[in-house]
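Some notes on the structure that comes next.
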Amino acid sequence: MLSVPEFTRNIARGVAALPGRVVPYAVQRPVLQAVLNRAFRVPLEDGELEFLEGTLVRIRITDISVDWLIEVTADEMVPVDRRQQADLSISGELFDFTLLATRQVDHDQLFFQRRIHLEGDTELGLGLKNTMDGMDWEDLPPPLRLFLQGLGAIIARLPTRFVQGQPVA
């Protein structure tokens with residue numbers, strides 16, 4: 001497998017970070033709301049997320065400057081003002097979230113290796129993780145599913161050291 005030079009890795013991260021840095025949160029919010037509510041449509045309709053009702057969940061993708069705060073209500077997820085305090089924070093790097101979403105790596109491995117971090121009410125985090133584990137991949141909006149599949153395919157071709165955030169020669 002070809003190794004990926006460090007400068008290439010930094011360029012890729014810089015390009016991926018542009019939307020998080022350039023697109024205002026006010027513009028991200030309606031798109032994020034539509035995607036989340038479509039992706040979690042079945043669990044929301046089935047009441048599987050009732051345990052999260054009234055909570056604030058922060059999602060941080062640290063290497064691309066993404067910081068979202070989501071309020072979970074009885075029937076939808078709504079991005080809210082990020083200055084509020086979250087009940088639960090989930091953070092990690094883009095590659096690790098992609099591996100989690102595409103199920104290319106055992107989700108427990110990402111949490112136990114501390115590549116995906118849970119802070120705050122970890123019981124809520126484990127409940128959310130378990131709900132996501134039971135979700136059907138086909139429930140994701142097709143553009144998101146295709147994007148994640150493509151990104152996942154790229155990640156699958158990278159050396160393990162690159163995916164795990166270690167320097168690559």
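Residues are referred to by chain and number: the chain letter is A, B, ... according to the order shown in the structure tokens, the number counts from 1 in that chain, and ligands are numbered separately from 1 in the order shown.
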Test item, strand (DSSP E or B) assignment across stretch 70-148 of chain A, answer as a PyMOL selection string: chain A and resi 70-72+77-79+88-92+116-120
Keeping N, CA and C atoms for every residue in the selection just given, could you write it to a file as a PDB file, in the first residue's frame?
ATOM      1  N   ILE A  70     -26.835  20.032  19.100  1.00  0.00           N
ATOM      2  CA  ILE A  70     -28.131  19.525  18.661  1.00  0.00           C
ATOM      3  C   ILE A  70     -29.037  19.342  19.866  1.00  0.00           C
ATOM      4  N   GLU A  71     -30.258  19.902  19.783  1.00  0.00           N
ATOM      5  CA  GLU A  71     -31.280  19.632  20.792  1.00  0.00           C
ATOM      6  C   GLU A  71     -32.184  18.534  20.261  1.00  0.00           C
ATOM      7  N   VAL A  72     -32.407  17.529  21.093  1.00  0.00           N
ATOM      8  CA  VAL A  72     -33.278  16.429  20.708  1.00  0.00           C
ATOM      9  C   VAL A  72     -34.630  16.658  21.362  1.00  0.00           C
ATOM     10  N   MET A  77     -34.596  16.557  15.639  1.00  0.00           N
ATOM     11  CA  MET A  77     -33.310  17.060  16.120  1.00  0.00           C
ATOM     12  C   MET A  77     -33.147  18.456  15.542  1.00  0.00           C
ATOM     13  N   VAL A  78     -32.778  19.400  16.416  1.00  0.00           N
ATOM     14  CA  VAL A  78     -32.704  20.797  16.009  1.00  0.00           C
ATOM     15  C   VAL A  78     -31.341  21.374  16.396  1.00  0.00           C
ATOM     16  N   PRO A  79     -30.536  21.818  15.420  1.00  0.00           N
ATOM     17  CA  PRO A  79     -29.288  22.505  15.770  1.00  0.00           C
ATOM     18  C   PRO A  79     -29.613  23.814  16.493  1.00  0.00           C
ATOM     19  N   LEU A  88     -24.126  16.135  26.638  1.00  0.00           N
ATOM     20  CA  LEU A  88     -23.255  15.088  26.127  1.00  0.00           C
ATOM     21  C   LEU A  88     -22.436  15.667  24.982  1.00  0.00           C
ATOM     22  N   SER A  89     -21.145  15.393  24.966  1.00  0.00           N
ATOM     23  CA  SER A  89     -20.276  15.799  23.857  1.00  0.00           C
ATOM     24  C   SER A  89     -19.643  14.558  23.261  1.00  0.00           C
ATOM     25  N   ILE A  90     -19.680  14.504  21.941  1.00  0.00           N
ATOM     26  CA  ILE A  90     -19.037  13.423  21.204  1.00  0.00           C
ATOM     27  C   ILE A  90     -18.020  14.091  20.283  1.00  0.00           C
ATOM     28  N   SER A  91     -16.759  13.674  20.393  1.00  0.00           N
ATOM     29  CA  SER A  91     -15.735  14.308  19.562  1.00  0.00           C
ATOM     30  C   SER A  91     -14.778  13.265  19.015  1.00  0.00           C
ATOM     31  N   GLY A  92     -14.175  13.641  17.901  1.00  0.00           N
ATOM     32  CA  GLY A  92     -13.202  12.781  17.246  1.00  0.00           C
ATOM     33  C   GLY A  92     -12.803  13.404  15.925  1.00  0.00           C
ATOM     34  N   ILE A 116     -12.856   8.114  19.474  1.00  0.00           N
ATOM     35  CA  ILE A 116     -14.116   8.852  19.609  1.00  0.00           C
ATOM     36  C   ILE A 116     -14.300   9.049  21.111  1.00  0.00           C
ATOM     37  N   HIS A 117     -14.469  10.301  21.523  1.00  0.00           N
ATOM     38  CA  HIS A 117     -14.555  10.632  22.946  1.00  0.00           C
ATOM     39  C   HIS A 117     -15.985  10.982  23.325  1.00  0.00           C
ATOM     40  N   LEU A 118     -16.419  10.482  24.474  1.00  0.00           N
ATOM     41  CA  LEU A 118     -17.698  10.866  25.073  1.00  0.00           C
ATOM     42  C   LEU A 118     -17.402  11.634  26.350  1.00  0.00           C
ATOM     43  N   GLU A 119     -18.046  12.788  26.498  1.00  0.00           N
ATOM     44  CA  GLU A 119     -17.907  13.578  27.722  1.00  0.00           C
ATOM     45  C   GLU A 119     -19.285  13.999  28.180  1.00  0.00           C
ATOM     46  N   GLY A 120     -19.436  14.146  29.470  1.00  0.00           N
ATOM     47  CA  GLY A 120     -20.732  14.528  30.020  1.00  0.00           C
ATOM     48  C   GLY A 120     -21.478  13.283  30.457  1.00  0.00           C
TER      49      GLY A 120
END
Distance query A:Arg41 at most 9 Å, only C-alpha atoms, self and fewer than 5 positions along chain excluded, as a PyMOL selection string: chain A and resi 36+46+75-76+139-140
Would you save the residues of that selection, restricted to C-alpha atoms, as an mmCIF file, in the first residue's frame?
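So again-v7.cif came out as:
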data_model
loop_
_atom_site.group_PDB
_atom_site.id
_atom_site.type_symbol
_atom_site.label_atom_id
_atom_site.label_comp_id
_atom_site.auth_asym_id
_atom_site.auth_seq_id
_atom_site.Cartn_x
_atom_site.Cartn_y
_atom_site.Cartn_z
ATOM 1 C CA LEU A 36 -30.130 14.501 10.936
ATOM 2 C CA ASP A 46 -40.253 4.585 16.815
ATOM 3 C CA ASP A 75 -39.930 14.193 17.206
ATOM 4 C CA GLU A 76 -36.891 15.946 15.752
ATOM 5 C CA ASP A 139 -32.133 5.146 6.251
ATOM 6 C CA LEU A 140 -29.395 7.684 5.537
#
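Of the listed residues (A:Met132, A:Leu56, A:Ile61, A:Leu151), A:Met132 comes nearest to A:Leu44; the distances count only C-alpha atoms.
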Members of chain A assigned helix (DSSP H, G or I) by DSSP, as a PyMOL selection string: chain A and resi 6-22+25-39+41-45+50-52+62-64+94-102+107-112+122-133+137-139+142-157+160-163
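With only C-alpha atoms as the basis for measurement, A:Ala101 is the residue among A:Ala101, A:Trp68, A:Val22, A:Gly134 that approaches A:Gln149 most closely.
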Residue among A:Leu126, A:Thr98, A:Glu45, A:Gln113 lying closest to A:Leu146, counting only C-alpha atoms: A:Thr98
A:Arg145, A:Gly125, A:Met135, A:Ile64 ranked by distance to A:Val42, top pick (using only C-alpha atoms): A:Met135
Nearest to A:Arg82, chosen from A:Pro43, A:Glu123, A:Lys129, A:Arg58, with only C-alpha atoms counted in the distances: A:Arg58
